[in-house]
Structure formats: structure tokens, C-alpha cells
$ cat run-v4.cif   # mmCIF, C-alpha atoms
data_work
loop_
_atom_site.label_atom_id
_atom_site.label_comp_id
_atom_site.auth_asym_id
_atom_site.auth_seq_id
_atom_site.Cartn_x
_atom_site.Cartn_y
_atom_site.Cartn_z
CA MET Q 1 22.24 21.33 56.16
CA GLY Q 2 24.66 19.96 53.53
CA ARG Q 3 23.30 16.43 54.00
CA LYS Q 4 19.69 17.56 53.50
CA GLN Q 5 20.70 19.49 50.37
CA LYS Q 6 22.47 16.40 49.00
CA GLU Q 7 19.41 14.20 49.65
CA LYS Q 8 17.18 16.78 47.95
CA GLU Q 9 19.47 16.84 44.89
CA GLN Q 10 19.42 13.01 44.72
CA GLU Q 11 15.61 13.01 44.83
CA GLU Q 12 15.47 15.60 42.05
CA GLU Q 13 17.89 13.54 39.92
CA LYS Q 14 15.74 10.44 40.46
CA GLU Q 15 12.61 12.34 39.43
CA GLU Q 16 14.42 13.65 36.34
CA GLU Q 17 15.47 10.09 35.37
CA GLU Q 18 11.89 8.87 35.78
CA THR Q 19 10.64 11.75 33.61
CA THR Q 20 13.26 10.89 30.95
CA ASP Q 21 12.14 7.25 30.97
CA GLU Q 22 8.53 8.39 30.52
CA THR Q 23 9.61 10.60 27.60
CA ILE Q 24 11.41 7.72 25.90
CA THR Q 25 8.31 5.55 26.31
CA THR Q 26 5.99 8.17 24.87
CA THR Q 27 8.33 8.76 21.90
CA GLY Q 28 7.17 5.35 20.68
CA ASP Q 29 3.64 6.70 21.15
CA ASP Q 30 2.62 3.60 23.11
CA GLU Q 31 1.75 1.75 19.89
CA GLU Q 32 0.21 -1.62 20.48
CA GLN Q 33 2.20 -4.33 18.72
CA SER Q 34 0.01 -5.65 15.91
CA TRP Q 35 1.95 -8.87 15.29
CA ASN Q 36 2.73 -12.07 17.21
CA LEU Q 37 6.21 -13.58 17.20
CA VAL Q 38 6.45 -17.20 15.99
CA ASP Q 39 7.76 -18.23 19.43
CA LYS Q 40 4.14 -18.00 20.60
CA LEU Q 41 3.40 -21.14 18.60
CA GLN Q 42 5.09 -23.17 21.35
CA GLU Q 43 2.14 -22.28 23.58
CA VAL Q 44 -0.22 -24.08 21.18
CA GLY Q 45 1.78 -27.26 20.61
CA ILE Q 46 4.37 -26.45 17.92
CA GLY Q 47 7.88 -27.72 18.65
CA ALA Q 48 10.94 -25.49 18.99
CA ALA Q 49 12.66 -27.33 16.10
CA ASP Q 50 9.84 -26.45 13.68
CA ILE Q 51 9.84 -22.83 14.87
CA LYS Q 52 13.57 -22.66 14.15
CA LYS Q 53 12.92 -23.93 10.61
CA LEU Q 54 10.39 -21.13 10.11
CA LYS Q 55 12.89 -18.53 11.35
CA ASP Q 56 15.61 -19.94 9.09
CA ALA Q 57 13.20 -19.40 6.18
CA GLY Q 58 12.74 -15.74 7.15
CA ILE Q 59 9.40 -16.15 8.95
CA PHE Q 60 9.38 -14.41 12.33
CA THR Q 61 5.69 -13.69 12.98
CA VAL Q 62 2.48 -15.70 13.07
CA GLU Q 63 0.88 -13.23 10.65
CA SER Q 64 3.68 -13.86 8.17
CA ILE Q 65 2.76 -17.56 8.14
CA THR Q 66 -0.92 -16.88 7.41
CA MET Q 67 0.13 -14.58 4.55
CA ARG Q 68 1.99 -17.39 2.80
CA THR Q 69 0.54 -20.10 0.60
CA LYS Q 70 0.63 -23.73 1.70
CA LYS Q 71 2.81 -24.47 -1.31
CA ARG Q 72 5.50 -22.03 -0.13
CA LEU Q 73 5.37 -23.35 3.43
CA THR Q 74 5.81 -26.98 2.38
CA ALA Q 75 8.83 -25.88 0.32
CA ILE Q 76 10.64 -25.07 3.59
CA LYS Q 77 13.18 -27.80 4.32
CA GLY Q 78 11.95 -30.15 7.05
CA LEU Q 79 8.27 -29.15 6.96
CA SER Q 80 5.92 -31.84 5.64
CA GLU Q 81 2.36 -31.15 4.52
CA ALA Q 82 1.03 -32.60 7.79
CA LYS Q 83 3.31 -30.31 9.82
CA VAL Q 84 2.24 -27.27 7.79
CA ASP Q 85 -1.44 -28.10 8.43
CA LYS Q 86 -0.70 -28.33 12.15
CA ILE Q 87 1.18 -25.00 12.10
CA LEU Q 88 -1.64 -23.25 10.22
CA GLU Q 89 -4.19 -24.61 12.68
CA ALA Q 90 -2.05 -23.32 15.56
CA CYS Q 91 -1.80 -19.89 13.86
CA SER Q 92 -5.60 -19.64 13.67
CA LYS Q 93 -5.72 -19.94 17.48
CA ILE Q 94 -3.36 -16.98 17.91
CA SER Q 95 -4.13 -14.61 15.05
CA PHE Q 96 -7.60 -14.04 13.56
CA SER Q 97 -7.64 -13.59 9.77
CA GLY Q 98 -11.33 -13.84 8.88
CA PHE Q 99 -14.12 -11.34 8.26
CA VAL Q 100 -14.58 -8.30 10.53
CA SER Q 101 -17.29 -5.65 10.62
CA GLY Q 102 -16.86 -2.27 8.98
CA VAL Q 103 -16.64 -0.70 12.45
CA GLU Q 104 -13.74 -3.00 13.42
CA PHE Q 105 -12.01 -2.31 10.12
CA LEU Q 106 -12.35 1.43 10.75
CA GLN Q 107 -10.69 0.96 14.14
CA LYS Q 108 -7.80 -0.79 12.40
CA ARG Q 109 -7.51 2.11 9.93
CA LYS Q 110 -7.12 4.49 12.88
CA LYS Q 111 -3.70 2.93 13.48
CA VAL Q 112 -2.50 4.41 10.18
CA ILE Q 113 0.27 6.99 10.68
CA ARG Q 114 1.06 9.74 8.19
CA VAL Q 115 4.69 10.82 7.83
CA THR Q 116 5.35 14.39 6.70
CA THR Q 117 7.16 14.92 3.38
CA GLY Q 118 8.77 18.15 4.56
CA SER Q 119 6.40 20.30 2.48
CA SER Q 120 3.07 21.41 3.94
CA ALA Q 121 1.65 21.77 0.40
CA LEU Q 122 2.56 18.15 -0.36
CA ASP Q 123 1.21 16.97 2.99
CA THR Q 124 -2.12 18.69 2.29
CA LEU Q 125 -2.24 17.03 -1.14
CA LEU Q 126 -1.64 13.62 0.49
CA GLY Q 127 -4.10 14.07 3.32
CA GLY Q 128 -1.38 14.48 5.95
CA GLY Q 129 1.68 12.76 4.46
CA ILE Q 130 2.93 9.34 3.37
CA GLU Q 131 0.68 6.80 5.08
CA THR Q 132 1.58 3.49 6.70
CA MET Q 133 -0.03 0.13 5.80
CA SER Q 134 0.21 1.02 2.13
CA ILE Q 135 2.59 1.45 -0.82
CA THR Q 136 3.23 4.97 -2.10
CA GLU Q 137 4.91 5.12 -5.51
CA VAL Q 138 6.54 8.23 -6.98
CA PHE Q 139 7.61 8.27 -10.60
CA GLY Q 140 9.07 10.89 -12.88
CA GLU Q 141 12.10 11.64 -15.00
CA PHE Q 142 15.54 12.49 -13.56
CA ARG Q 143 15.94 15.63 -11.38
CA THR Q 144 12.31 15.70 -10.24
CA GLY Q 145 13.18 15.03 -6.59
CA LYS Q 146 12.45 11.31 -6.15
CA THR Q 147 15.67 10.46 -4.31
CA GLN Q 148 15.67 13.78 -2.41
CA MET Q 149 12.19 12.93 -1.16
CA CYS Q 150 13.61 9.61 0.07
CA HIS Q 151 16.39 11.41 1.98
CA THR Q 152 13.90 13.80 3.58
CA LEU Q 153 11.58 10.97 4.64
CA CYS Q 154 14.56 9.15 6.22
CA VAL Q 155 14.64 12.00 8.76
CA THR Q 156 10.96 12.93 9.10
CA ALA Q 157 9.97 9.30 9.79
CA GLN Q 158 12.05 9.54 12.98
CA LEU Q 159 10.28 12.67 14.26
CA PRO Q 160 7.75 12.35 17.11
CA ARG Q 161 4.16 11.76 16.01
CA SER Q 162 3.22 15.20 17.37
CA LEU Q 163 5.55 16.79 14.78
CA GLY Q 164 4.23 14.78 11.85
CA GLY Q 165 6.75 11.96 12.13
CA GLY Q 166 6.46 8.24 12.69
CA SER Q 167 8.63 7.74 15.81
CA GLY Q 168 10.40 4.83 14.16
CA LYS Q 169 13.47 3.63 12.31
CA VAL Q 170 13.99 3.52 8.55
CA ALA Q 171 15.11 0.78 6.13
CA VAL Q 172 16.45 1.61 2.66
CA ILE Q 173 16.96 -0.75 -0.28
CA ASP Q 174 19.15 1.15 -2.74
CA SER Q 175 19.19 -0.40 -6.21
CA GLU Q 176 20.76 2.54 -8.06
CA GLY Q 177 23.53 3.60 -5.67
CA THR Q 178 21.93 6.99 -5.00
CA PHE Q 179 21.66 6.98 -1.19
CA ARG Q 180 23.98 9.62 0.27
CA PRO Q 181 24.37 9.61 4.09
CA GLU Q 182 25.90 13.10 3.96
CA ARG Q 183 22.51 14.43 2.78
CA ILE Q 184 20.98 13.42 6.12
CA GLU Q 185 22.98 15.99 8.14
CA PRO Q 186 21.47 19.25 6.74
CA ILE Q 187 17.96 17.73 6.83
CA ALA Q 188 18.44 16.60 10.44
CA GLU Q 189 19.68 20.10 11.38
CA ARG Q 190 16.53 21.58 9.88
CA TYR Q 191 14.46 19.54 12.36
CA ALA Q 192 16.90 20.08 15.26
CA LEU Q 193 17.87 16.40 15.34
CA ASN Q 194 21.28 14.84 15.90
CA ALA Q 195 22.58 13.73 12.47
CA GLU Q 196 24.61 10.84 13.90
CA GLU Q 197 21.60 9.48 15.79
CA CYS Q 198 19.46 9.82 12.66
CA LEU Q 199 21.98 7.82 10.63
CA ALA Q 200 22.16 5.18 13.39
CA ASN Q 201 18.39 4.70 13.00
CA ILE Q 202 18.68 4.06 9.24
CA VAL Q 203 19.67 0.66 7.82
CA VAL Q 204 20.78 0.63 4.19
CA ALA Q 205 21.42 -2.24 1.78
CA ARG Q 206 22.75 -1.90 -1.75
CA ALA Q 207 20.95 -4.30 -4.11
CA TYR Q 208 22.79 -5.48 -7.23
CA THR Q 209 20.33 -7.93 -8.81
CA SER Q 210 16.57 -8.41 -8.71
CA ASP Q 211 17.05 -11.68 -6.79
CA HIS Q 212 19.26 -9.90 -4.26
CA GLN Q 213 16.60 -7.19 -3.94
CA MET Q 214 13.96 -9.81 -3.14
CA ASN Q 215 16.21 -11.63 -0.63
CA LEU Q 216 16.80 -8.38 1.25
CA LEU Q 217 13.12 -8.32 2.23
CA THR Q 218 13.59 -11.63 4.07
CA LEU Q 219 16.44 -10.08 6.08
CA LEU Q 220 14.29 -7.07 6.90
CA THR Q 221 11.47 -9.18 8.34
CA SER Q 222 13.54 -10.08 11.40
CA LYS Q 223 14.47 -6.41 11.96
CA PHE Q 224 10.85 -5.27 11.70
CA ALA Q 225 9.79 -7.95 14.20
CA GLU Q 226 12.46 -6.96 16.72
CA ASP Q 227 12.32 -3.15 16.57
CA GLN Q 228 9.93 -0.34 15.70
CA TYR Q 229 10.40 0.62 12.07
CA ARG Q 230 8.12 3.12 10.39
CA LEU Q 231 9.40 3.42 6.82
CA LEU Q 232 10.76 1.18 4.08
CA ILE Q 233 12.22 2.87 1.00
CA VAL Q 234 13.00 1.09 -2.28
CA ASP Q 235 14.87 3.37 -4.69
CA SER Q 236 14.14 2.29 -7.34
CA VAL Q 237 11.74 -0.62 -7.49
CA THR Q 238 12.03 -1.44 -11.20
CA ALA Q 239 15.65 -0.62 -12.17
CA LEU Q 240 17.12 -4.10 -11.53
CA PHE Q 241 14.13 -5.94 -13.01
CA ARG Q 242 14.59 -3.93 -16.23
CA THR Q 243 18.29 -4.86 -16.29
CA ASP Q 244 17.95 -8.57 -15.42
CA TYR Q 245 15.03 -9.27 -17.77
CA SER Q 246 15.26 -7.84 -21.28
CA GLY Q 247 13.13 -8.14 -24.36
CA ARG Q 248 9.59 -9.40 -24.86
CA GLY Q 249 10.71 -13.00 -24.38
CA GLU Q 250 11.45 -12.37 -20.69
CA LEU Q 251 8.69 -9.83 -20.06
CA SER Q 252 6.26 -12.38 -18.58
CA GLU Q 253 8.86 -13.73 -16.13
CA ARG Q 254 9.91 -10.19 -15.18
CA GLN Q 255 6.36 -9.15 -14.39
CA GLN Q 256 5.76 -12.32 -12.37
CA LYS Q 257 8.88 -11.68 -10.24
CA LEU Q 258 7.97 -8.00 -9.84
CA ALA Q 259 4.46 -8.98 -8.72
CA GLN Q 260 5.93 -11.31 -6.05
CA PHE Q 261 8.22 -8.54 -4.80
CA LEU Q 262 5.37 -6.02 -4.61
CA SER Q 263 3.14 -8.55 -2.86
CA SER Q 264 5.84 -9.03 -0.20
CA LEU Q 265 6.10 -5.25 0.24
CA MET Q 266 2.35 -4.94 0.78
CA LYS Q 267 2.35 -7.74 3.36
CA LEU Q 268 5.20 -6.08 5.27
CA ALA Q 269 3.36 -2.74 5.21
CA GLU Q 270 0.19 -4.21 6.71
CA GLU Q 271 1.90 -6.64 9.09
CA PHE Q 272 4.23 -4.12 10.76
CA ASN Q 273 2.30 -0.86 10.15
CA ILE Q 274 5.08 0.69 8.08
CA ALA Q 275 4.96 3.10 5.15
CA VAL Q 276 6.45 1.63 1.98
CA PHE Q 277 7.80 4.35 -0.30
CA ILE Q 278 9.02 3.24 -3.73
CA THR Q 279 10.46 5.25 -6.60
CA ASN Q 280 9.95 4.31 -10.23
CA GLN Q 281 11.39 5.24 -13.59
CA VAL Q 282 9.49 6.49 -16.64
CA GLN Q 283 9.62 5.54 -20.30
CA ALA Q 284 8.42 7.15 -23.50
CA ASP Q 285 5.04 5.94 -24.72
CA PRO Q 286 5.58 4.74 -28.31
CA SER Q 287 1.86 4.23 -28.98
CA GLY Q 288 -0.13 6.49 -31.26
CA ALA Q 289 -2.01 7.92 -28.27
CA SER Q 290 1.16 9.74 -27.18
CA MET Q 291 0.67 12.19 -30.08
CA PHE Q 292 -2.40 13.59 -28.36
CA THR Q 293 -1.01 13.96 -24.83
CA ALA Q 294 1.00 16.88 -23.47
CA ASP Q 295 3.39 14.57 -21.62
CA PRO Q 296 3.90 11.20 -23.40
CA LYS Q 297 5.96 9.62 -20.57
CA LYS Q 298 4.50 6.73 -18.57
CA PRO Q 299 5.72 4.76 -15.52
CA VAL Q 300 7.63 1.49 -15.94
CA GLY Q 301 6.10 -1.72 -14.57
CA GLY Q 302 2.81 -1.87 -16.46
CA HIS Q 303 -0.46 -2.96 -14.86
CA ILE Q 304 1.33 -5.09 -12.22
CA LEU Q 305 2.84 -2.03 -10.55
CA ALA Q 306 -0.26 0.09 -11.18
CA HIS Q 307 -2.48 -2.32 -9.23
CA ALA Q 308 0.05 -2.98 -6.46
CA SER Q 309 0.68 0.67 -5.53
CA THR Q 310 -1.93 2.17 -3.22
CA THR Q 311 -1.08 5.77 -4.12
CA ARG Q 312 0.79 6.83 -7.26
CA LEU Q 313 2.40 10.26 -7.52
CA TYR Q 314 3.73 11.78 -10.72
CA LEU Q 315 6.60 14.26 -10.31
CA ARG Q 316 7.62 16.71 -13.01
CA LYS Q 317 9.89 19.73 -13.32
CA GLY Q 318 8.61 23.25 -12.76
CA ARG Q 319 10.34 26.63 -12.83
CA ALA Q 320 13.95 26.76 -11.51
CA GLU Q 321 14.13 24.57 -8.38
CA GLN Q 322 10.37 24.11 -8.20
CA ARG Q 323 8.75 20.74 -8.87
CA VAL Q 324 5.14 19.67 -9.35
CA CYS Q 325 3.56 16.60 -7.73
CA LYS Q 326 0.31 15.23 -9.14
CA VAL Q 327 -1.88 12.53 -7.61
CA TYR Q 328 -1.90 10.02 -10.48
CA ASP Q 329 -3.96 7.32 -8.76
CA SER Q 330 -5.34 6.84 -5.24
CA PRO Q 331 -8.29 5.08 -3.57
CA SER Q 332 -8.95 8.06 -1.28
CA LEU Q 333 -7.27 11.20 -2.66
CA PRO Q 334 -8.74 13.46 -5.36
CA GLU Q 335 -6.70 14.15 -8.50
CA ASN Q 336 -4.82 17.35 -7.70
CA GLU Q 337 -1.40 19.00 -7.82
CA ALA Q 338 1.02 20.66 -5.40
CA ILE Q 339 4.21 22.65 -5.95
CA TYR Q 340 7.29 21.94 -3.82
CA GLN Q 341 10.96 22.81 -3.89
CA ILE Q 342 14.24 20.93 -3.49
CA GLY Q 343 16.72 22.58 -1.12
CA ASN Q 344 19.94 21.65 0.66
CA ASP Q 345 17.77 20.78 3.68
CA GLY Q 346 15.46 18.50 1.72
CA ILE Q 347 11.96 18.81 0.31
CA LYS Q 348 10.16 22.00 1.36
CA ASP Q 349 7.43 24.44 0.30
CA ALA Q 350 8.04 26.46 -2.85
CA GLU Q 351 9.26 30.01 -2.29
CA GLY Q 352 7.59 33.00 -3.89
#

$ encode --input "run-v4.cif" --output "C-alpha cells"
Amino acid sequence: MGRKQKEKEQEEEKEEEETTDETITTTGDDEEQSWNLVDKLQEVGIGAADIKKLKDAGIFTVESITMRTKKRLTAIKGLSEAKVDKILEACSKISFSGFVSGVEFLQKRKKVIRVTTGSSALDTLLGGGIETMSITEVFGEFRTGKTQMCHTLCVTAQLPRSLGGGSGKVAVIDSEGTFRPERIEPIAERYALNAEECLANIVVARAYTSDHQMNLLTLLTSKFAEDQYRLLIVDSVTALFRTDYSGRGELSERQQKLAQFLSSLMKLAEEFNIAVFITNQVQADPSGASMFTADPKKPVGGHILAHASTTRLYLRKGRAEQRVCKVYDSPSLPENEAIYQIGNDGIKDAEG
């Protein structure tokens, strides 16, 4: 009798382990990998030595190669123009980058995931949350909740898709020294998640110069190719560019570098199906038009940032702890506002 009972218990334990394995698999929501690792190029005639050169240059996927100009590829040490032509030809055999029908493009758009902000009012305003394959920019003056929104998203991006999350890890580029790991604990508790596990799924890098900030994206490419990341936060995107380039004499160079950085962000968003969430500072508008507007502040970055961001959100202060979010620019969302609140457990719906 005891032997039969023991065998039964072993069978139940085995079934439980199999169920757990299934749960872990479904947490990733069975997402089909949308990129091809550069190692695949060996199958179409590219040597291992050339593939290593690509990896050393921060290129880990075939799609990343097709997103680069021939000029940038030939600048990689050891790659001649003839070799680059051969590599590009090999890439075309693995990854298609031409025209598709509207129906096929719609199917691609169905892969977009929306990550909850923590506030149902904000989620409704954004059509479900912060979306992947695009850049969402929030700007506003201090104490409007930009960094607190970043902390909240660090947790919600890890939630299962069924709960409005992204079932993925998070990368943070902190240019202002505002990321606080201790803020993750109360937000994780709110969603019944283990704070230590949440922090283990977040990678953070402190950027000190605009060049350093740009180089960090190269390091992230390998991480995105190896693991499932769902969110990239840059807080803030313009602070170091404003510091490193000053005056009108350096404005053109600053904008050119900023445009390159934003272009890299957009490519990462589309290549790895991640949501890119950037914060931005504001400045007073010294033009005469500011006399006729209720709020004369405008976002830093000019037209370069305005065109690069898919969705732009303007945050301003409301009553007490309440804040107001306005859709400033979006290709799909109507101009509207939502009220939210900042609490110890992150961004949430306004009370009262």
C-alpha cells in the first residue's frame, strides 16, 4: 500500500513539474521571434571570421545589417566593399525587406503589445497602454511624474500579457541619475510580484556623456538578441546632448547626433518588438507667440525629436498629487487628456 502511494505521489509531482514548465512557456506568450541571428549567414556562404567582425561592431541580427547604410558597414574594420556587398546579398536571402501588401502589414501590426501604465484612465487615453514597435515620448516640467512613470513601467512590462504586461525584461539608460531601485519594491507588491525577481529582470546603465549614451545602445543589441526584452527606457533623452553641445554654433552637430540616436532607438523598437519610452525636458518659448498661449513651455529637441517620436505626451501638474496627461501628437490617437495620480506604489488612477 505504501509503495503504491509513493508511486502515485511521484506521478503527481511529475505532472506538476510538466504543468509548471507549460506555465513558464506560456508566460512568454509563445511569441514568434521576429529576427534572425547573424550566425545564420554561415548557411548562405558568409565566413565565421566576417560574422565575428559584425558581432564585434555590435551587429547581432541579420535585420540589423539591412538597417545600416553601406557606408557604415564598410567602416567596420576588416570588411571591404566587396565583402559588404556579399553580406548584403546573403541577408536578402534570409530576411525580406521589400514591399508587402496592406493585409500583410496589418498582420505585422497585430504583433504590437501594449504595456499598462498603471492607470486605467491613462491606458484608455493611449488605446491600451505604451505600445511596442514605436517610440513614446513624455515631456513636462519637474514633478509631473515622468520618472515615476518609468519606475511603474519597469514593473508592469514584466506582467503577463493577460494582465496588461509585456512578459519581458526591461532595459534602462539613466542619464540624470534618477533611477531608484528601492522604488520598485512597493510597485511590485501592488502587483503581487517578487521585488527581487523584478529587479533581476531590469538592466540599468548610467550614461555620463552623449557619446556614452549612444554606445550603450550597441551593448543592448546583444542583450535584446539573446533574451526577451519588452521595454527600453531612456530618462532623459536630451539632457546629455544639451550639456555636451552648447550655443548656436554647436546646435547643428547636436541635432545630427540626436537624430542618429533616435534612429537607432526606432530600429531597435521595430527589430525586437520592444516599447521605447523616453522622457524629455521642457524649455520656455522666448518667441512672441508665447504671449498668446496659456502654457508657453515647449519640449527640447526641436523638429528632430518631434518627427522621431511616434507618440508624444505632455504632462502637467494638477491639484495636489494629481497630474494631467495630454496627447500632444500621435498618428493614431485623438487629442485628449487624462488625469492620473502619483502614489508610493507608482502611477495610478486619480482619487475622488

$ atom_distance --input "run-v4.cif" --atom1 "CA of Lys317 in chain Q" --atom2 "CA of Arg143 in chain Q"
7.6 Å

$ resolve_selection --input "run-v4.cif" --expression "the PyMOL selection byres ((chain Q and resi 237) around 12)" --output "PyMOL selection string"
chain Q and resi 135-139+172-176+207+209-210+213-214+232-236+238-243+257-259+261-262+265+276-282+299-301+305+308-309

$ atom_distance --input "run-v4.cif" --atom1 "CA of Pro186 in chain Q" --atom2 "CA of Gly346 in chain Q"
7.9 Å

$ residues_around --input "run-v4.cif" --residues "range 43-58 of chain Q" --least-positions-apart "3" --cutoff "9 Å" --atoms "all atoms listed in the file" --output "PyMOL selection string"
chain Q and resi 38-40+61+65+73+76-79+83+86-87+90-91+93-94+217-222

$ closest_residue --input "run-v4.cif" --among "Q:Ala121, Q:Met133, Q:Leu193, Q:Val62" --to "Pro160 in chain Q" --atoms "all atoms listed in the file"
Q:Leu193

$ resolve_selection --input "run-v4.cif" --expression "the PyMOL selection byres ((chain Q and resi 107-110) around 12)" --output "PyMOL selection string"
chain Q and resi 31-32+34+100-106+111-114+131-134+270-271+273

$ write_last_selection --input "run-v4.cif" --atoms "C-alpha atoms" --output "short mmCIF file (atom, residue, chain, number, x, y, z; two decimals), keeping the file's coordinate frame"
data_model
loop_
_atom_site.label_atom_id
_atom_site.label_comp_id
_atom_site.auth_asym_id
_atom_site.auth_seq_id
_atom_site.Cartn_x
_atom_site.Cartn_y
_atom_site.Cartn_z
CA GLU Q 31 1.75 1.75 19.89
CA GLU Q 32 0.21 -1.62 20.48
CA SER Q 34 0.01 -5.65 15.91
CA VAL Q 100 -14.58 -8.30 10.53
CA SER Q 101 -17.29 -5.65 10.62
CA GLY Q 102 -16.86 -2.27 8.98
CA VAL Q 103 -16.64 -0.70 12.45
CA GLU Q 104 -13.74 -3.00 13.42
CA PHE Q 105 -12.01 -2.31 10.12
CA LEU Q 106 -12.35 1.43 10.75
CA LYS Q 111 -3.70 2.93 13.48
CA VAL Q 112 -2.50 4.41 10.18
CA ILE Q 113 0.27 6.99 10.68
CA ARG Q 114 1.06 9.74 8.19
CA GLU Q 131 0.68 6.80 5.08
CA THR Q 132 1.58 3.49 6.70
CA MET Q 133 -0.03 0.13 5.80
CA SER Q 134 0.21 1.02 2.13
CA GLU Q 270 0.19 -4.21 6.71
CA GLU Q 271 1.90 -6.64 9.09
CA ASN Q 273 2.30 -0.86 10.15
#

$ residues_around --input "run-v4.cif" --residues "Ser332 in chain Q" --least-positions-apart "2" --cutoff "10 Å" --atoms "only C-alpha atoms" --output "ChimeraX atom specification"
/Q:126-127,310-311,329-330,334-335

$ residues_around --input "run-v4.cif" --residues "Phe179 in chain Q" --least-positions-apart "2" --cutoff "8 Å" --atoms "all atoms listed in the file" --output "PyMOL selection string"
chain Q and resi 147+151+174+177+181

$ atom_distance --input "run-v4.cif" --atom1 "CA of Glu63 in chain Q" --atom2 "CA of Tyr229 in chain Q"
16.9 Å

$ residues_around --input "run-v4.cif" --residues "Ile187 in chain Q" --least-positions-apart "2" --cutoff "10 Å" --atoms "only C-alpha atoms" --output "VMD selection string"
chain Q and resid 118 151 to 156 182 to 185 189 to 193 195 198 343 to 347

$ resolve_selection --input "run-v4.cif" --expression "the PyMOL selection byres ((chain Q and resi 227) around 12)" --output "mmCIF file with C-alpha atoms, keeping the file's coordinate frame"
data_model
loop_
_atom_site.group_PDB
_atom_site.id
_atom_site.type_symbol
_atom_site.label_atom_id
_atom_site.label_comp_id
_atom_site.auth_asym_id
_atom_site.auth_seq_id
_atom_site.Cartn_x
_atom_site.Cartn_y
_atom_site.Cartn_z
ATOM 1 C CA GLY Q 28 7.170 5.350 20.680
ATOM 2 C CA GLN Q 33 2.200 -4.330 18.720
ATOM 3 C CA TRP Q 35 1.950 -8.870 15.290
ATOM 4 C CA SER Q 167 8.630 7.740 15.810
ATOM 5 C CA GLY Q 168 10.400 4.830 14.160
ATOM 6 C CA LYS Q 169 13.470 3.630 12.310
ATOM 7 C CA VAL Q 170 13.990 3.520 8.550
ATOM 8 C CA ALA Q 171 15.110 0.780 6.130
ATOM 9 C CA ASN Q 201 18.390 4.700 13.000
ATOM 10 C CA LEU Q 220 14.290 -7.070 6.900
ATOM 11 C CA THR Q 221 11.470 -9.180 8.340
ATOM 12 C CA SER Q 222 13.540 -10.080 11.400
ATOM 13 C CA LYS Q 223 14.470 -6.410 11.960
ATOM 14 C CA PHE Q 224 10.850 -5.270 11.700
ATOM 15 C CA ALA Q 225 9.790 -7.950 14.200
ATOM 16 C CA GLU Q 226 12.460 -6.960 16.720
ATOM 17 C CA GLN Q 228 9.930 -0.340 15.700
ATOM 18 C CA TYR Q 229 10.400 0.620 12.070
ATOM 19 C CA ARG Q 230 8.120 3.120 10.390
ATOM 20 C CA PHE Q 272 4.230 -4.120 10.760
ATOM 21 C CA ILE Q 274 5.080 0.690 8.080
#

$ closest_residue --input "run-v4.cif" --among "Q:Leu199, Q:Phe96, Q:Ser162, Q:Leu231" --to "Arg180 in chain Q" --atoms "all atoms listed in the file"
Q:Leu199

$ closest_residue --input "run-v4.cif" --among "Q:Gly145, Q:Val115, Q:Asn36, Q:Val203" --to "Ser95 in chain Q" --atoms "only C-alpha atoms"
Q:Asn36

$ closest_residue --input "run-v4.cif" --among "Q:Arg68, Q:Leu216, Q:Glu141, Q:Ile130" --to "Arg312 in chain Q" --atoms "only C-alpha atoms"
Q:Ile130

$ build_atoms --input "run-v4.cif" --residues "range 260-265 of chain Q" --atoms "all heavy atoms" --output "PDB file, keeping the file's coordinate frame"
ATOM      1  N   GLN Q 260       5.592 -10.634  -7.309  1.00  0.00           N
ATOM      2  CA  GLN Q 260       5.930 -11.310  -6.050  1.00  0.00           C
ATOM      3  C   GLN Q 260       6.619 -10.339  -5.081  1.00  0.00           C
ATOM      4  O   GLN Q 260       6.330 -10.331  -3.882  1.00  0.00           O
ATOM      5  CB  GLN Q 260       6.847 -12.506  -6.322  1.00  0.00           C
ATOM      6  CG  GLN Q 260       6.142 -13.668  -7.001  1.00  0.00           C
ATOM      7  CD  GLN Q 260       7.119 -14.758  -7.440  1.00  0.00           C
ATOM      8  OE1 GLN Q 260       8.328 -14.657  -7.223  1.00  0.00           O
ATOM      9  NE2 GLN Q 260       6.609 -15.799  -8.065  1.00  0.00           N
ATOM     10  N   PHE Q 261       7.514  -9.520  -5.626  1.00  0.00           N
ATOM     11  CA  PHE Q 261       8.220  -8.540  -4.800  1.00  0.00           C
ATOM     12  C   PHE Q 261       7.244  -7.519  -4.214  1.00  0.00           C
ATOM     13  O   PHE Q 261       7.292  -7.209  -3.019  1.00  0.00           O
ATOM     14  CB  PHE Q 261       9.298  -7.836  -5.632  1.00  0.00           C
ATOM     15  CG  PHE Q 261      10.094  -6.816  -4.864  1.00  0.00           C
ATOM     16  CD1 PHE Q 261      11.046  -7.217  -3.937  1.00  0.00           C
ATOM     17  CD2 PHE Q 261       9.901  -5.462  -5.066  1.00  0.00           C
ATOM     18  CE1 PHE Q 261      11.787  -6.283  -3.215  1.00  0.00           C
ATOM     19  CE2 PHE Q 261      10.624  -4.518  -4.350  1.00  0.00           C
ATOM     20  CZ  PHE Q 261      11.577  -4.932  -3.423  1.00  0.00           C
ATOM     21  N   LEU Q 262       6.350  -7.015  -5.052  1.00  0.00           N
ATOM     22  CA  LEU Q 262       5.370  -6.020  -4.610  1.00  0.00           C
ATOM     23  C   LEU Q 262       4.386  -6.601  -3.603  1.00  0.00           C
ATOM     24  O   LEU Q 262       3.972  -5.933  -2.659  1.00  0.00           O
ATOM     25  CB  LEU Q 262       4.618  -5.444  -5.817  1.00  0.00           C
ATOM     26  CG  LEU Q 262       5.465  -4.594  -6.774  1.00  0.00           C
ATOM     27  CD1 LEU Q 262       4.723  -4.371  -8.087  1.00  0.00           C
ATOM     28  CD2 LEU Q 262       5.833  -3.263  -6.140  1.00  0.00           C
ATOM     29  N   SER Q 263       4.026  -7.866  -3.797  1.00  0.00           N
ATOM     30  CA  SER Q 263       3.140  -8.550  -2.860  1.00  0.00           C
ATOM     31  C   SER Q 263       3.801  -8.651  -1.477  1.00  0.00           C
ATOM     32  O   SER Q 263       3.156  -8.420  -0.447  1.00  0.00           O
ATOM     33  CB  SER Q 263       2.802  -9.947  -3.378  1.00  0.00           C
ATOM     34  OG  SER Q 263       2.041 -10.667  -2.426  1.00  0.00           O
ATOM     35  N   SER Q 264       5.100  -8.953  -1.464  1.00  0.00           N
ATOM     36  CA  SER Q 264       5.840  -9.030  -0.200  1.00  0.00           C
ATOM     37  C   SER Q 264       5.908  -7.666   0.480  1.00  0.00           C
ATOM     38  O   SER Q 264       5.793  -7.569   1.706  1.00  0.00           O
ATOM     39  CB  SER Q 264       7.266  -9.541  -0.462  1.00  0.00           C
ATOM     40  OG  SER Q 264       7.238 -10.850  -0.972  1.00  0.00           O
ATOM     41  N   LEU Q 265       6.071  -6.612  -0.310  1.00  0.00           N
ATOM     42  CA  LEU Q 265       6.100  -5.250   0.240  1.00  0.00           C
ATOM     43  C   LEU Q 265       4.774  -4.901   0.908  1.00  0.00           C
ATOM     44  O   LEU Q 265       4.745  -4.338   2.010  1.00  0.00           O
ATOM     45  CB  LEU Q 265       6.388  -4.229  -0.876  1.00  0.00           C
ATOM     46  CG  LEU Q 265       7.807  -4.124  -1.419  1.00  0.00           C
ATOM     47  CD1 LEU Q 265       7.860  -3.078  -2.525  1.00  0.00           C
ATOM     48  CD2 LEU Q 265       8.795  -3.767  -0.325  1.00  0.00           C
TER      49      LEU Q 265
END
